[in-house]
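Source file input-v9.pdb; content: PDB, C-alpha atoms and all ligand atoms.
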ATOM      1  CA  MET A1389     -13.178  11.941  -4.026  1.00  0.00           C
ATOM      2  CA  SER A1390     -14.050  14.522  -1.421  1.00  0.00           C
ATOM      3  CA  ARG A1391     -13.601  18.105  -2.506  1.00  0.00           C
ATOM      4  CA  LEU A1392     -11.764  18.716   0.753  1.00  0.00           C
ATOM      5  CA  LYS A1393      -8.032  19.047   0.279  1.00  0.00           C
ATOM      6  CA  LYS A1394      -6.366  15.830   1.350  1.00  0.00           C
ATOM      7  CA  THR A1395      -2.805  15.620   2.587  1.00  0.00           C
ATOM      8  CA  ALA A1396      -0.608  12.540   2.511  1.00  0.00           C
ATOM      9  CA  LEU A1397       2.808  11.550   3.804  1.00  0.00           C
ATOM     10  CA  VAL A1398       4.855   9.103   1.775  1.00  0.00           C
ATOM     11  CA  ILE A1399       7.355   7.453   4.097  1.00  0.00           C
ATOM     12  CA  GLY A1400      10.148   5.499   2.409  1.00  0.00           C
ATOM     13  CA  ALA A1401      13.270   3.852   3.757  1.00  0.00           C
ATOM     14  CA  HIS A1402      15.586   5.170   1.035  1.00  0.00           C
ATOM     15  CA  PRO A1403      15.752   7.926  -1.553  1.00  0.00           C
ATOM     16  CA  ASP A1404      13.918   6.494  -4.632  1.00  0.00           C
ATOM     17  CA  ASP A1405      11.508   4.220  -2.699  1.00  0.00           C
ATOM     18  CA  PRO A1406       8.576   6.691  -2.984  1.00  0.00           C
ATOM     19  CA  GLU A1407       8.974   6.893  -6.764  1.00  0.00           C
ATOM     20  CA  PHE A1408       9.138   3.149  -7.304  1.00  0.00           C
ATOM     21  CA  GLY A1409       6.331   2.449  -4.831  1.00  0.00           C
ATOM     22  CA  ALA A1410       3.869   5.227  -5.484  1.00  0.00           C
ATOM     23  CA  GLY A1411       5.286   7.805  -7.934  1.00  0.00           C
ATOM     24  CA  GLY A1412       2.474   7.512 -10.462  1.00  0.00           C
ATOM     25  CA  THR A1413      -0.184   7.829  -7.776  1.00  0.00           C
ATOM     26  CA  VAL A1414       1.583  10.786  -6.150  1.00  0.00           C
ATOM     27  CA  ALA A1415       1.640  12.617  -9.492  1.00  0.00           C
ATOM     28  CA  ALA A1416      -1.956  11.724 -10.412  1.00  0.00           C
ATOM     29  CA  TRP A1417      -3.471  12.603  -7.057  1.00  0.00           C
ATOM     30  CA  SER A1418      -1.393  15.783  -6.789  1.00  0.00           C
ATOM     31  CA  GLN A1419      -2.965  16.871 -10.062  1.00  0.00           C
ATOM     32  CA  GLN A1420      -6.363  16.169  -8.466  1.00  0.00           C
ATOM     33  CA  GLY A1421      -5.611  18.450  -5.523  1.00  0.00           C
ATOM     34  CA  TRP A1422      -3.946  16.192  -2.949  1.00  0.00           C
ATOM     35  CA  GLU A1423      -0.957  17.643  -1.093  1.00  0.00           C
ATOM     36  CA  PHE A1424       1.938  15.187  -0.704  1.00  0.00           C
ATOM     37  CA  HIS A1425       4.976  15.352   1.564  1.00  0.00           C
ATOM     38  CA  TYR A1426       7.853  12.863   1.694  1.00  0.00           C
ATOM     39  CA  VAL A1427       9.810  11.447   4.608  1.00  0.00           C
ATOM     40  CA  ILE A1428      12.996   9.503   3.808  1.00  0.00           C
ATOM     41  CA  VAL A1429      14.192   7.502   6.793  1.00  0.00           C
ATOM     42  CA  THR A1430      17.796   6.610   5.904  1.00  0.00           C
ATOM     43  CA  ASP A1431      20.718   8.460   4.381  1.00  0.00           C
ATOM     44  CA  GLY A1432      21.050   5.982   1.502  1.00  0.00           C
ATOM     45  CA  CYS A1433      24.813   5.733   2.043  1.00  0.00           C
ATOM     46  CA  LYS A1434      25.073   2.044   1.066  1.00  0.00           C
ATOM     47  CA  GLY A1435      23.275   2.402  -2.247  1.00  0.00           C
ATOM     48  CA  THR A1436      26.215   1.601  -4.504  1.00  0.00           C
ATOM     49  CA  PRO A1437      28.181  -1.482  -5.563  1.00  0.00           C
ATOM     50  CA  ASP A1438      31.325   0.747  -5.746  1.00  0.00           C
ATOM     51  CA  ALA A1439      33.420   0.174  -2.608  1.00  0.00           C
ATOM     52  CA  SER A1440      35.532   3.265  -3.371  1.00  0.00           C
ATOM     53  CA  GLN A1441      32.527   5.607  -3.459  1.00  0.00           C
ATOM     54  CA  ASP A1442      32.697   8.348  -0.824  1.00  0.00           C
ATOM     55  CA  ALA A1443      29.696   7.716   1.444  1.00  0.00           C
ATOM     56  CA  CYS A1444      29.225  11.366   2.413  1.00  0.00           C
ATOM     57  CA  LEU A1445      29.168  12.482  -1.209  1.00  0.00           C
ATOM     58  CA  LEU A1446      26.694   9.717  -2.023  1.00  0.00           C
ATOM     59  CA  ILE A1447      24.390  10.887   0.783  1.00  0.00           C
ATOM     60  CA  GLN A1448      24.435  14.430  -0.612  1.00  0.00           C
ATOM     61  CA  LYS A1449      23.864  13.253  -4.157  1.00  0.00           C
ATOM     62  CA  ARG A1450      20.964  11.004  -3.208  1.00  0.00           C
ATOM     63  CA  GLN A1451      19.285  13.816  -1.289  1.00  0.00           C
ATOM     64  CA  GLN A1452      19.564  16.089  -4.323  1.00  0.00           C
ATOM     65  CA  GLU A1453      18.191  13.328  -6.549  1.00  0.00           C
ATOM     66  CA  GLN A1454      15.271  12.832  -4.177  1.00  0.00           C
ATOM     67  CA  GLN A1455      14.487  16.546  -4.122  1.00  0.00           C
ATOM     68  CA  SER A1456      14.494  16.673  -7.929  1.00  0.00           C
ATOM     69  CA  ALA A1457      12.235  13.629  -8.247  1.00  0.00           C
ATOM     70  CA  ALA A1458       9.795  14.957  -5.654  1.00  0.00           C
ATOM     71  CA  LYS A1459       9.617  18.320  -7.385  1.00  0.00           C
ATOM     72  CA  LEU A1460       8.727  16.689 -10.694  1.00  0.00           C
ATOM     73  CA  LEU A1461       5.802  14.865  -9.112  1.00  0.00           C
ATOM     74  CA  GLY A1462       4.443  17.941  -7.343  1.00  0.00           C
ATOM     75  CA  VAL A1463       5.502  16.961  -3.817  1.00  0.00           C
ATOM     76  CA  HIS A1464       5.519  19.884  -1.369  1.00  0.00           C
ATOM     77  CA  SER A1465       8.379  18.907   0.950  1.00  0.00           C
ATOM     78  CA  VAL A1466      10.965  16.227   1.657  1.00  0.00           C
ATOM     79  CA  THR A1467      12.181  15.466   5.193  1.00  0.00           C
ATOM     80  CA  PHE A1468      15.339  13.364   5.620  1.00  0.00           C
ATOM     81  CA  LEU A1469      15.637  11.576   8.965  1.00  0.00           C
ATOM     82  CA  GLY A1470      19.222  10.529   8.177  1.00  0.00           C
ATOM     83  CA  LEU A1471      19.371   7.123   9.878  1.00  0.00           C
ATOM     84  CA  PRO A1472      22.233   4.896   8.649  1.00  0.00           C
ATOM     85  CA  ASP A1473      21.266   2.984   5.508  1.00  0.00           C
ATOM     86  CA  GLY A1474      20.793  -0.748   6.059  1.00  0.00           C
ATOM     87  CA  GLU A1475      20.658  -0.448   9.846  1.00  0.00           C
ATOM     88  CA  VAL A1476      17.057   0.588  10.540  1.00  0.00           C
ATOM     89  CA  GLN A1477      15.565  -0.862  13.695  1.00  0.00           C
ATOM     90  CA  ALA A1478      11.848  -0.761  14.428  1.00  0.00           C
ATOM     91  CA  ASP A1479      12.640   0.737  17.839  1.00  0.00           C
ATOM     92  CA  GLN A1480      11.468   3.570  20.108  1.00  0.00           C
ATOM     93  CA  ASN A1481      13.892   6.027  18.506  1.00  0.00           C
ATOM     94  CA  LEU A1482      12.399   5.638  15.031  1.00  0.00           C
ATOM     95  CA  LEU A1483       8.872   5.399  16.430  1.00  0.00           C
ATOM     96  CA  GLU A1484       9.261   8.721  18.241  1.00  0.00           C
ATOM     97  CA  LYS A1485      10.567  10.449  15.113  1.00  0.00           C
ATOM     98  CA  LEU A1486       7.675   9.159  13.017  1.00  0.00           C
ATOM     99  CA  VAL A1487       5.057  10.003  15.620  1.00  0.00           C
ATOM    100  CA  ALA A1488       6.426  13.540  15.922  1.00  0.00           C
ATOM    101  CA  ILE A1489       6.102  14.006  12.164  1.00  0.00           C
ATOM    102  CA  LEU A1490       2.556  12.616  12.103  1.00  0.00           C
ATOM    103  CA  ARG A1491       1.549  14.876  14.988  1.00  0.00           C
ATOM    104  CA  LYS A1492       3.163  17.886  13.321  1.00  0.00           C
ATOM    105  CA  GLN A1493       2.015  17.416   9.729  1.00  0.00           C
ATOM    106  CA  LYS A1494      -1.326  15.704  10.511  1.00  0.00           C
ATOM    107  CA  PRO A1495      -1.753  13.861   7.218  1.00  0.00           C
ATOM    108  CA  TYR A1496      -5.076  12.384   6.145  1.00  0.00           C
ATOM    109  CA  ALA A1497      -3.273   9.413   4.574  1.00  0.00           C
ATOM    110  CA  VAL A1498       0.091   7.687   4.829  1.00  0.00           C
ATOM    111  CA  PHE A1499       1.817   5.666   2.096  1.00  0.00           C
ATOM    112  CA  THR A1500       4.627   3.278   3.021  1.00  0.00           C
ATOM    113  CA  HIS A1501       6.263  -0.117   2.577  1.00  0.00           C
ATOM    114  CA  ASN A1502       4.420  -3.340   3.162  1.00  0.00           C
ATOM    115  CA  PRO A1503       6.023  -4.555   6.413  1.00  0.00           C
ATOM    116  CA  GLU A1504       5.400  -8.267   6.006  1.00  0.00           C
ATOM    117  CA  PRO A1505       8.549 -10.340   6.210  1.00  0.00           C
ATOM    118  CA  LEU A1506      10.574 -11.679   3.356  1.00  0.00           C
ATOM    119  CA  GLU A1507       8.300 -11.292   0.389  1.00  0.00           C
ATOM    120  CA  PHE A1508       7.965  -8.305  -1.872  1.00  0.00           C
ATOM    121  CA  ARG A1509       5.818  -9.058  -4.896  1.00  0.00           C
ATOM    122  CA  ARG A1510       3.848  -7.016  -7.354  1.00  0.00           C
ATOM    123  CA  PRO A1511       0.634  -8.680  -8.519  1.00  0.00           C
ATOM    124  CA  GLY A1512       1.695 -11.088 -11.240  1.00  0.00           C
ATOM    125  CA  GLY A1513       5.352 -10.406 -10.509  1.00  0.00           C
ATOM    126  CA  ARG A1514       8.184 -12.509  -9.131  1.00  0.00           C
ATOM    127  CA  PRO A1515       8.778 -12.573  -5.387  1.00  0.00           C
ATOM    128  CA  HIS A1516      11.800 -10.769  -3.952  1.00  0.00           C
ATOM    129  CA  ILE A1517      13.274 -10.699  -0.478  1.00  0.00           C
ATOM    130  CA  ALA A1518      12.077  -7.497   1.147  1.00  0.00           C
ATOM    131  CA  HIS A1519      14.927  -5.209   2.240  1.00  0.00           C
ATOM    132  CA  ARG A1520      15.281  -5.204   6.017  1.00  0.00           C
ATOM    133  CA  ASP A1521      14.965  -1.398   6.096  1.00  0.00           C
ATOM    134  CA  HIS A1522      11.697  -1.623   4.149  1.00  0.00           C
ATOM    135  CA  ARG A1523      10.262  -4.093   6.655  1.00  0.00           C
ATOM    136  CA  ALA A1524      11.412  -2.061   9.654  1.00  0.00           C
ATOM    137  CA  VAL A1525      10.070   1.200   8.242  1.00  0.00           C
ATOM    138  CA  GLY A1526       6.731  -0.346   7.251  1.00  0.00           C
ATOM    139  CA  GLN A1527       6.297  -1.831  10.714  1.00  0.00           C
ATOM    140  CA  SER A1528       7.289   1.370  12.491  1.00  0.00           C
ATOM    141  CA  VAL A1529       4.964   3.505  10.375  1.00  0.00           C
ATOM    142  CA  LEU A1530       2.011   1.237  11.147  1.00  0.00           C
ATOM    143  CA  ASP A1531       2.871   1.333  14.851  1.00  0.00           C
ATOM    144  CA  ALA A1532       3.164   5.125  14.694  1.00  0.00           C
ATOM    145  CA  VAL A1533      -0.205   5.483  12.949  1.00  0.00           C
ATOM    146  CA  TYR A1534      -1.992   3.170  15.363  1.00  0.00           C
ATOM    147  CA  PRO A1535      -2.170   3.648  18.204  1.00  0.00           C
ATOM    148  CA  VAL A1536       0.851   5.751  19.129  1.00  0.00           C
ATOM    149  CA  ALA A1537       0.279   9.062  17.286  1.00  0.00           C
ATOM    150  CA  ARG A1538      -3.389   8.965  18.282  1.00  0.00           C
ATOM    151  CA  ASP A1539      -3.081   8.451  22.016  1.00  0.00           C
ATOM    152  CA  PRO A1540      -1.715  11.261  24.218  1.00  0.00           C
ATOM    153  CA  HIS A1541       0.060   9.104  26.800  1.00  0.00           C
ATOM    154  CA  TYR A1542       2.611   7.988  24.205  1.00  0.00           C
ATOM    155  CA  PHE A1543       5.563  10.399  24.106  1.00  0.00           C
ATOM    156  CA  PRO A1544       3.954  12.931  26.479  1.00  0.00           C
ATOM    157  CA  ALA A1545       6.869  15.347  25.928  1.00  0.00           C
ATOM    158  CA  HIS A1546       5.353  16.031  22.522  1.00  0.00           C
ATOM    159  CA  HIS A1547       2.532  17.900  24.211  1.00  0.00           C
ATOM    160  CA  ALA A1548       4.910  20.533  25.594  1.00  0.00           C
ATOM    161  CA  ALA A1549       6.340  20.953  22.091  1.00  0.00           C
ATOM    162  CA  GLY A1550       2.874  21.667  20.723  1.00  0.00           C
ATOM    163  CA  LEU A1551       2.529  18.303  18.981  1.00  0.00           C
ATOM    164  CA  THR A1552      -1.034  17.191  19.618  1.00  0.00           C
ATOM    165  CA  PRO A1553      -2.320  13.642  18.986  1.00  0.00           C
ATOM    166  CA  HIS A1554      -3.371  12.849  15.450  1.00  0.00           C
ATOM    167  CA  LYS A1555      -5.465  10.161  13.824  1.00  0.00           C
ATOM    168  CA  VAL A1556      -4.473   9.097  10.305  1.00  0.00           C
ATOM    169  CA  ARG A1557      -7.517   7.999   8.308  1.00  0.00           C
ATOM    170  CA  GLU A1558      -6.036   5.867   5.544  1.00  0.00           C
ATOM    171  CA  VAL A1559      -2.846   3.839   5.046  1.00  0.00           C
ATOM    172  CA  TYR A1560      -1.623   2.639   1.646  1.00  0.00           C
ATOM    173  CA  LEU A1561       0.997  -0.139   1.572  1.00  0.00           C
ATOM    174  CA  TRP A1562       2.946  -0.782  -1.601  1.00  0.00           C
ATOM    175  CA  GLY A1563       4.574  -4.165  -2.272  1.00  0.00           C
ATOM    176  CA  SER A1564       1.805  -6.122  -0.592  1.00  0.00           C
ATOM    177  CA  PRO A1565       0.706  -9.539  -1.883  1.00  0.00           C
ATOM    178  CA  GLN A1566      -2.698  -8.603  -0.454  1.00  0.00           C
ATOM    179  CA  ALA A1567      -3.174  -5.469  -2.568  1.00  0.00           C
ATOM    180  CA  ASP A1568      -6.821  -4.478  -2.847  1.00  0.00           C
ATOM    181  CA  LEU A1569      -6.532  -1.139  -4.641  1.00  0.00           C
ATOM    182  CA  ARG A1570      -5.354  -0.605  -8.201  1.00  0.00           C
ATOM    183  CA  VAL A1571      -4.562   2.974  -9.217  1.00  0.00           C
ATOM    184  CA  ASP A1572      -4.569   3.750 -12.937  1.00  0.00           C
ATOM    185  CA  ILE A1573      -1.366   5.690 -13.665  1.00  0.00           C
ATOM    186  CA  ARG A1574      -1.493   5.762 -17.472  1.00  0.00           C
ATOM    187  CA  GLN A1575      -1.663   9.562 -17.434  1.00  0.00           C
ATOM    188  CA  THR A1576       1.344   9.923 -15.124  1.00  0.00           C
ATOM    189  CA  LEU A1577       3.510   6.944 -16.097  1.00  0.00           C
ATOM    190  CA  GLN A1578       6.016   9.030 -18.067  1.00  0.00           C
ATOM    191  CA  LEU A1579       6.259  11.447 -15.150  1.00  0.00           C
ATOM    192  CA  LYS A1580       6.879   8.546 -12.770  1.00  0.00           C
ATOM    193  CA  LEU A1581       9.676   7.275 -15.045  1.00  0.00           C
ATOM    194  CA  ASP A1582      11.106  10.802 -15.311  1.00  0.00           C
ATOM    195  CA  ALA A1583      11.138  10.959 -11.514  1.00  0.00           C
ATOM    196  CA  ILE A1584      12.730   7.516 -11.156  1.00  0.00           C
ATOM    197  CA  VAL A1585      15.618   8.435 -13.452  1.00  0.00           C
ATOM    198  CA  GLN A1586      16.352  11.536 -11.382  1.00  0.00           C
ATOM    199  CA  HIS A1587      17.988   8.920  -9.124  1.00  0.00           C
ATOM    200  CA  GLU A1588      20.888   8.600 -11.524  1.00  0.00           C
ATOM    201  CA  SER A1589      23.185   7.150  -8.851  1.00  0.00           C
ATOM    202  CA  GLN A1590      20.772   4.197  -8.753  1.00  0.00           C
ATOM    203  CA  ILE A1591      19.449   3.720 -12.276  1.00  0.00           C
ATOM    204  CA  SER A1592      20.357   4.967 -15.748  1.00  0.00           C
ATOM    205  CA  LYS A1593      17.790   6.778 -17.852  1.00  0.00           C
ATOM    206  CA  ASP A1594      18.765   4.277 -20.562  1.00  0.00           C
ATOM    207  CA  HIS A1595      18.220   1.197 -18.390  1.00  0.00           C
ATOM    208  CA  PRO A1596      16.411  -1.434 -20.504  1.00  0.00           C
ATOM    209  CA  LYS A1597      13.540  -1.624 -18.009  1.00  0.00           C
ATOM    210  CA  ILE A1598      13.008   2.144 -18.189  1.00  0.00           C
ATOM    211  CA  LEU A1599      13.117   2.192 -21.991  1.00  0.00           C
ATOM    212  CA  LYS A1600      10.770  -0.783 -22.179  1.00  0.00           C
ATOM    213  CA  ALA A1601       8.313   0.823 -19.771  1.00  0.00           C
ATOM    214  CA  ARG A1602       8.348   4.082 -21.749  1.00  0.00           C
ATOM    215  CA  ARG A1603       7.598   2.249 -24.996  1.00  0.00           C
ATOM    216  CA  SER A1604       5.071  -0.252 -23.740  1.00  0.00           C
ATOM    217  CA  GLY A1605       3.161   2.031 -21.400  1.00  0.00           C
ATOM    218  CA  ARG A1606       3.643  -0.495 -18.616  1.00  0.00           C
ATOM    219  CA  PRO A1607       3.303  -0.613 -15.710  1.00  0.00           C
ATOM    220  CA  SER A1608       0.070   1.341 -16.047  1.00  0.00           C
ATOM    221  CA  TYR A1609      -1.107   0.608 -12.544  1.00  0.00           C
ATOM    222  CA  GLU A1610       0.184   0.873  -9.003  1.00  0.00           C
ATOM    223  CA  TYR A1611      -1.146  -1.526  -6.402  1.00  0.00           C
ATOM    224  CA  PHE A1612      -1.733  -0.933  -2.726  1.00  0.00           C
ATOM    225  CA  ARG A1613      -3.185  -2.613   0.282  1.00  0.00           C
ATOM    226  CA  ARG A1614      -5.475   0.078   1.707  1.00  0.00           C
ATOM    227  CA  ILE A1615      -6.315   0.200   5.382  1.00  0.00           C
ATOM    228  CA  ARG A1616      -9.112   2.551   6.346  1.00  0.00           C
ATOM    229  CA  ILE A1617      -9.146   3.524  10.001  1.00  0.00           C
ATOM    230  CA  SER A1618     -12.573   3.960  11.496  1.00  0.00           C
ATOM    231  CA  LEU A1619     -13.602   7.023  13.455  1.00  0.00           C
TER     232      LEU A1619
HETATM  233 ZN    ZN B   1      14.626   1.021  -0.538  1.00  0.00          ZN
END
Can you present the structure in this file as structure tokens?
Ligand SMILES: [Zn+2]
Amino acid sequence: MSRLKKTALVIGAHPDDPEFGAGGTVAAWSQQGWEFHYVIVTDGCKGTPDASQDACLLIQKRQQEQQSAAKLLGVHSVTFLGLPDGEVQADQNLLEKLVAILRKQKPYAVFTHNPEPLEFRRPGGRPHIAHRDHRAVGQSVLDAVYPVARDPHYFPAHHAAGLTPHKVREVYLWGSPQADLRVDIRQTLQLKLDAIVQHESQISKDHPKILKARRSGRPSYEYFRRIRISL
């Protein structure tokens, strides 16, 4: 790895997505000198099976949970865009918000959801239907990275606000059936699990999957499809 400090944005649809998708990598690379920042696109207000749950209180709670998890992993900041949970559209509104953040923070790398439709599958795992917000966010992030954030004629009002074009150099997609990068997270697995269970509105620290992962040391890897963007 270059000795230059590298910065990365992790852009997830919901509070907890960064931990599940890339928490072990965020912790490991932070320890190696990378600087991570999070962007959470939605307010997470539908993340409960309890119809009587107060949505506003849930939004607050999930933001606090996300801040706690990020802090554990060494993340420098969390930005909440606050779009309604479950209603994300890959439209100009979201694109402009993402491009503004890329132009402001100028990350070397971006981590986000695999945007391909329908299938979410870890290598060797069972397929799931990808959440619509995950697909919309993944697509919008890729559109924002290339070519929109790079080229000055997109969102020209940004220029007056001091947001200059920016070229992201690497994109890492989690949940891709075409993963081509395996990151060893044995050293940070417990930290990843600690961060995941900060999201106590979503998962119990005593959930059988958490306990099993703590005992077995699995999963010891995170998988990404890496896209390197040429100069
Ligand atoms: Zn999610």
Leaving out A:Leu1581 and any residue of its chain fewer than 6 positions from it, which residues lie within 9 Å of it when counting only C-alpha atoms, given as a list in words?
Glu1407, Phe1408, Gly1411, Gly1412, Lys1593, Ile1598, Ala1601 and Arg1602 of chain A
List as a short mmCIF file (atom, residue, chain, number, x, y, z; two decimals) with C-alpha atoms, in the frame of the given file the residues having at least one atom at most 12 Å from position (7.5, 5.7, -13.8) as given in the file, counting all atoms listed in the file.
data_model
loop_
_atom_site.label_atom_id
_atom_site.label_comp_id
_atom_site.auth_asym_id
_atom_site.auth_seq_id
_atom_site.Cartn_x
_atom_site.Cartn_y
_atom_site.Cartn_z
CA ASP A 1404 13.92 6.49 -4.63
CA ASP A 1405 11.51 4.22 -2.70
CA PRO A 1406 8.58 6.69 -2.98
CA GLU A 1407 8.97 6.89 -6.76
CA PHE A 1408 9.14 3.15 -7.30
CA GLY A 1409 6.33 2.45 -4.83
CA ALA A 1410 3.87 5.23 -5.48
CA GLY A 1411 5.29 7.80 -7.93
CA GLY A 1412 2.47 7.51 -10.46
CA THR A 1413 -0.18 7.83 -7.78
CA VAL A 1414 1.58 10.79 -6.15
CA ALA A 1415 1.64 12.62 -9.49
CA ALA A 1416 -1.96 11.72 -10.41
CA ALA A 1457 12.24 13.63 -8.25
CA LEU A 1460 8.73 16.69 -10.69
CA LEU A 1461 5.80 14.86 -9.11
CA ILE A 1573 -1.37 5.69 -13.66
CA ARG A 1574 -1.49 5.76 -17.47
CA GLN A 1575 -1.66 9.56 -17.43
CA THR A 1576 1.34 9.92 -15.12
CA LEU A 1577 3.51 6.94 -16.10
CA GLN A 1578 6.02 9.03 -18.07
CA LEU A 1579 6.26 11.45 -15.15
CA LYS A 1580 6.88 8.55 -12.77
CA LEU A 1581 9.68 7.28 -15.04
CA ASP A 1582 11.11 10.80 -15.31
CA ALA A 1583 11.14 10.96 -11.51
CA ILE A 1584 12.73 7.52 -11.16
CA VAL A 1585 15.62 8.44 -13.45
CA GLN A 1586 16.35 11.54 -11.38
CA HIS A 1587 17.99 8.92 -9.12
CA LYS A 1593 17.79 6.78 -17.85
CA LYS A 1597 13.54 -1.62 -18.01
CA ILE A 1598 13.01 2.14 -18.19
CA LEU A 1599 13.12 2.19 -21.99
CA LYS A 1600 10.77 -0.78 -22.18
CA ALA A 1601 8.31 0.82 -19.77
CA ARG A 1602 8.35 4.08 -21.75
CA ARG A 1603 7.60 2.25 -25.00
CA SER A 1604 5.07 -0.25 -23.74
CA GLY A 1605 3.16 2.03 -21.40
CA ARG A 1606 3.64 -0.50 -18.62
CA PRO A 1607 3.30 -0.61 -15.71
CA SER A 1608 0.07 1.34 -16.05
CA TYR A 1609 -1.11 0.61 -12.54
CA GLU A 1610 0.18 0.87 -9.00
#
One decimal, in Å: what's the spacing between atom CA of A:Pro1503 and atom CA of A:Ala1524?
6.8 Å
Ranking A:Gln1448, A:Gln1420, A:Thr1430, A:Thr1552 by minimum distance to ligand ZN 1 (chain B) and counting all atoms listed in the file, which one comes first?
A:Thr1430
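Within 6 Å of the point (-0.8, -2.2, -3.7), counting all atoms listed in the file, the protein and nucleic acid residues come to Leu1561, Trp1562, Gly1563, Ser1564, Ala1567, Leu1569, Tyr1611, Phe1612 and Arg1613 of chain A.
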Go through chain A residue by residue and, counting all atoms listed in the file, keep those with an atom at most 8 Å from ligand ZN 1 (chain B); for each kept residue give the shortest atom pair and its distance in Å to one decimal, ordered by chain and increasing number, as a tab-separated table.
residue	atom	partner	partner_atom	distance
A:Gly1400	CA	B:ZN1	ZN	7.0
A:Ala1401	CA	B:ZN1	ZN	5.3
A:His1402	CA	B:ZN1	ZN	4.5
A:Pro1403	CA	B:ZN1	ZN	7.1
A:Asp1404	CA	B:ZN1	ZN	6.9
A:Asp1405	CA	B:ZN1	ZN	5.0
A:His1519	CA	B:ZN1	ZN	6.8
A:Asp1521	CA	B:ZN1	ZN	7.1
A:His1522	CA	B:ZN1	ZN	6.1
Check which residues satisfy the PyMOL selection byres (((chain A and resi 1537-1541) around 10) and not hetatm) in the file shown, then give them as a PyMOL selection string.
chain A and resi 1483-1484+1486-1491+1494+1531-1536+1542-1547+1551-1556
Pick out the residues sitting within 9 Å of stretch 1435-1441 of chain A, and hand them over as a list of chain:residue names; count all atoms listed in the file, and ignore anything fewer than 6 positions along from it in its own chain.
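The neighbour list is A:His1402, A:Arg1450, A:Asp1473, A:Ser1589, A:Gln1590.
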Straight-line distance linking atom CA of A:Leu1469 with atom CA of A:Gly1421, stated in Å to one decimal
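These two atoms are separated by 26.6 Å.
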So how many Å separate atom CA of A:Ile1428 and atom CA of A:Gln1527, to one decimal?
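These atoms are spaced 14.9 Å apart.
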Nearest residue to A:Ala1396 out of A:Lys1485, A:His1516, A:Arg1570, A:Arg1557, using all atoms listed in the file?
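Closest to A:Ala1396, using all atoms listed in the file: A:Arg1557.
The residue that comes closest to A:His1501, out of A:Arg1514, A:Arg1614, A:Arg1523, A:His1464 and on the basis of all atoms listed in the file, is A:Arg1523.
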